[in-house]
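S.K.: Supplied in structure tokens, the structure appears directly below.
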Amino acid sequence: DAVIKDIVALSINENIDIKKITDIKITRRSDGSKGIIISTEVVLYYGIKIREAVRFYQKKIKQAVEFMTGLQVNAVRFGVRELAIREKK
């Protein structure tokens with residue numbers, strides 16, 4: 001699971017819309033079927049379109065994990081814990 005968490009972190013850390021990742025959880029299906037569920041929570045910067053960003057990151061995480069591990073990803077739960085204001089430079 002640590003490898004999957006690292007893949008998730010790497011796939012979304014590259015973007016400037018995310019201030020930080022607050023939580024990543026990997027859940028394996030209890031009914032014995034194949035696949036995993038990835039849950040992650042982040043802090044996004046204020047001013048972006050949240051719905052579009054969530055869909056984008058869900059797709060990006062699923063593609064990255066499936067490509068790099070060969071595991072089936074049944075769902076990606078992507079939560080926005082809070083919004084942050086960018087600091088002026």
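To be explicit about the labels: the chains of the structure tokens are called A, B, and onward in the order shown, and within each one the residues are counted from 1, while ligands get numbers from 1 in the order they are shown.
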Find the residues near Glu82 in chain A: any atom within 12 Å, counting only C-alpha atoms, skip ones fewer than 5 places away on the same chain, and give them as a VMD selection string.

M.R.: chain A and resid 18 to 22 41 to 46 50

S.K.: Which residues are near Gln72 in chain A? Cut-off 7 Å, only C-alpha atoms, ignore same chain within fewer than 5 positions. Put them as a PyMOL selection string.

M.R.: chain A and resi 34-36+66

S.K.: Give the answer as one residue: which of A:Ile24, A:Val8, A:Val80, A:Ile16 has the shortest atom-to-atom distance to Gln63 in chain A, using only C-alpha atoms?

M.R.: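 Closest to Gln63 in chain A, using only C-alpha atoms: A:Val8.
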
S.K.: Quick check for you: according to DSSP on this backbone, which residues of chain A are classed as helix (DSSP H, G or I)? Reply as a ChimeraX atom specification.

M.R.: /A:2-13,50-69

S.K.: Would you please give, as a PyMOL selection string, all residues of range 8-55 of chain A that DSSP assigns to strand (DSSP E or B) based on the backbone?

M.R.: chain A and resi 18-28+36-45

S.K.: Could you name the residues that touch Lys5 in chain A at 9 Å or less, counting only C-alpha atoms, but leaving out those on the same chain fewer than 2 positions away, as a PyMOL selection string?

M.R.: chain A and resi 1-3+7-10+24-26+38

S.K.: Restrict the selected residues to N, CA, C and O atoms and save them as a PDB file, in the first residue's frame.

M.R.:
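Output contents, as saved in part13.pdb:
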ATOM      1  N   ASP A   1       0.813  -1.210   0.000  1.00  0.00           N
ATOM      2  CA  ASP A   1       0.000   0.000   0.000  1.00  0.00           C
ATOM      3  C   ASP A   1       0.851   1.265   0.000  1.00  0.00           C
ATOM      4  O   ASP A   1       0.414   2.294  -0.497  1.00  0.00           O
ATOM      5  N   ALA A   2       2.048   1.194   0.571  1.00  0.00           N
ATOM      6  CA  ALA A   2       2.917   2.367   0.606  1.00  0.00           C
ATOM      7  C   ALA A   2       3.311   2.787  -0.801  1.00  0.00           C
ATOM      8  O   ALA A   2       3.392   3.984  -1.099  1.00  0.00           O
ATOM      9  N   VAL A   3       3.522   1.813  -1.679  1.00  0.00           N
ATOM     10  CA  VAL A   3       3.889   2.130  -3.060  1.00  0.00           C
ATOM     11  C   VAL A   3       2.735   2.827  -3.762  1.00  0.00           C
ATOM     12  O   VAL A   3       2.937   3.808  -4.483  1.00  0.00           O
ATOM     13  N   ILE A   7       2.638   6.556  -5.458  1.00  0.00           N
ATOM     14  CA  ILE A   7       2.203   6.827  -6.831  1.00  0.00           C
ATOM     15  C   ILE A   7       1.124   7.906  -6.844  1.00  0.00           C
ATOM     16  O   ILE A   7       1.160   8.824  -7.673  1.00  0.00           O
ATOM     17  N   VAL A   8       0.165   7.804  -5.932  1.00  0.00           N
ATOM     18  CA  VAL A   8      -0.900   8.807  -5.843  1.00  0.00           C
ATOM     19  C   VAL A   8      -0.296  10.180  -5.549  1.00  0.00           C
ATOM     20  O   VAL A   8      -0.617  11.168  -6.213  1.00  0.00           O
ATOM     21  N   ALA A   9       0.592  10.240  -4.576  1.00  0.00           N
ATOM     22  CA  ALA A   9       1.211  11.517  -4.207  1.00  0.00           C
ATOM     23  C   ALA A   9       2.001  12.105  -5.368  1.00  0.00           C
ATOM     24  O   ALA A   9       1.901  13.305  -5.647  1.00  0.00           O
ATOM     25  N   LEU A  10       2.764  11.282  -6.054  1.00  0.00           N
ATOM     26  CA  LEU A  10       3.545  11.782  -7.183  1.00  0.00           C
ATOM     27  C   LEU A  10       2.658  12.258  -8.325  1.00  0.00           C
ATOM     28  O   LEU A  10       2.973  13.252  -8.981  1.00  0.00           O
ATOM     29  N   ILE A  24      -4.209   9.986   2.399  1.00  0.00           N
ATOM     30  CA  ILE A  24      -4.360   8.995   1.331  1.00  0.00           C
ATOM     31  C   ILE A  24      -4.633   7.654   1.995  1.00  0.00           C
ATOM     32  O   ILE A  24      -3.876   7.229   2.863  1.00  0.00           O
ATOM     33  N   LYS A  25      -5.726   7.009   1.583  1.00  0.00           N
ATOM     34  CA  LYS A  25      -6.073   5.690   2.119  1.00  0.00           C
ATOM     35  C   LYS A  25      -6.315   4.731   0.959  1.00  0.00           C
ATOM     36  O   LYS A  25      -6.929   5.112  -0.045  1.00  0.00           O
ATOM     37  N   ILE A  26      -5.856   3.501   1.133  1.00  0.00           N
ATOM     38  CA  ILE A  26      -6.073   2.449   0.153  1.00  0.00           C
ATOM     39  C   ILE A  26      -6.955   1.391   0.812  1.00  0.00           C
ATOM     40  O   ILE A  26      -6.620   0.879   1.880  1.00  0.00           O
ATOM     41  N   ILE A  38      -9.270   4.029  -3.750  1.00  0.00           N
ATOM     42  CA  ILE A  38      -8.308   5.021  -3.277  1.00  0.00           C
ATOM     43  C   ILE A  38      -9.079   6.236  -2.779  1.00  0.00           C
ATOM     44  O   ILE A  38      -9.918   6.783  -3.491  1.00  0.00           O
TER      45      ILE A  38
END

S.K.: Using only C-alpha atoms, which protein or nucleic acid residues come within 9 Å of Ser39 in chain A? Drop anything in the same chain fewer than 6 positions from it, and give the result as a PDB file with N, CA and C atoms, in the first residue's frame.

M.R.:
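Here's the written file around_34.pdb:
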ATOM      1  N   ASP A  23      -4.442  13.443   3.265  1.00  0.00           N
ATOM      2  CA  ASP A  23      -4.671  12.039   3.611  1.00  0.00           C
ATOM      3  C   ASP A  23      -4.770  11.196   2.344  1.00  0.00           C
ATOM      4  N   ILE A  24      -4.209   9.986   2.399  1.00  0.00           N
ATOM      5  CA  ILE A  24      -4.360   8.995   1.331  1.00  0.00           C
ATOM      6  C   ILE A  24      -4.633   7.654   1.995  1.00  0.00           C
ATOM      7  N   LYS A  25      -5.726   7.009   1.583  1.00  0.00           N
ATOM      8  CA  LYS A  25      -6.073   5.690   2.119  1.00  0.00           C
ATOM      9  C   LYS A  25      -6.315   4.731   0.959  1.00  0.00           C
ATOM     10  N   ILE A  26      -5.856   3.501   1.133  1.00  0.00           N
ATOM     11  CA  ILE A  26      -6.073   2.449   0.153  1.00  0.00           C
ATOM     12  C   ILE A  26      -6.955   1.391   0.812  1.00  0.00           C
ATOM     13  N   THR A  27      -8.073   1.057   0.185  1.00  0.00           N
ATOM     14  CA  THR A  27      -8.989   0.057   0.715  1.00  0.00           C
ATOM     15  C   THR A  27      -9.111  -1.081  -0.286  1.00  0.00           C
ATOM     16  N   ALA A  75     -12.539   2.668  -7.668  1.00  0.00           N
ATOM     17  CA  ALA A  75     -13.020   4.025  -7.405  1.00  0.00           C
ATOM     18  C   ALA A  75     -11.890   4.877  -6.857  1.00  0.00           C
ATOM     19  N   VAL A  76     -11.973   6.166  -7.171  1.00  0.00           N
ATOM     20  CA  VAL A  76     -11.062   7.150  -6.577  1.00  0.00           C
ATOM     21  C   VAL A  76     -11.940   8.197  -5.919  1.00  0.00           C
ATOM     22  N   ARG A  77     -11.856   8.252  -4.603  1.00  0.00           N
ATOM     23  CA  ARG A  77     -12.602   9.259  -3.840  1.00  0.00           C
ATOM     24  C   ARG A  77     -11.645  10.407  -3.559  1.00  0.00           C
ATOM     25  N   PHE A  78     -11.951  11.545  -4.125  1.00  0.00           N
ATOM     26  CA  PHE A  78     -11.061  12.698  -4.044  1.00  0.00           C
ATOM     27  C   PHE A  78     -11.795  13.811  -3.310  1.00  0.00           C
ATOM     28  N   GLY A  79     -11.415  14.061  -2.071  1.00  0.00           N
ATOM     29  CA  GLY A  79     -12.083  15.066  -1.261  1.00  0.00           C
ATOM     30  C   GLY A  79     -11.253  16.318  -1.106  1.00  0.00           C
TER      31      GLY A  79
END

S.K.: Suppose you want the space between CA of Val54 in chain A and CA of Ile12 in chain A; what is it in Å?

M.R.: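 Those two atoms sit 10.9 Å apart.
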
S.K.: At what distance in Å, to one decimal, does CA of Arg81 in chain A lie from CA of Ile4 in chain A?

M.R.: 20.9 Å

S.K.: Taking only C-alpha atoms into account, which of A:Ser11, A:Gly32, A:Asp6, A:Asp17 comes nearest Glu52 in chain A?

M.R.: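 Of the candidates, the smallest distance to Glu52 in chain A is held by A:Asp17.
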
S.K.: Between A:Ala84, A:Ile37, A:Ala64, A:Ala53, single out the one closest to Asn15 in chain A, counting only C-alpha atoms.

M.R.: A:Ala53

S.K.: As an exercise, work out the distance from CA of Ser33 in chain A to CA of Thr69 in chain A in Å and give it to one decimal place.

M.R.: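 Interatomic distance here is 17.0 Å.
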
S.K.: Pick from A:Ser30, A:Thr40, A:Leu71, A:Arg86: nearest to Gln58 in chain A, with only C-alpha atoms counted?

M.R.: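 Result for the nearest residue to Gln58 in chain A: A:Thr40.
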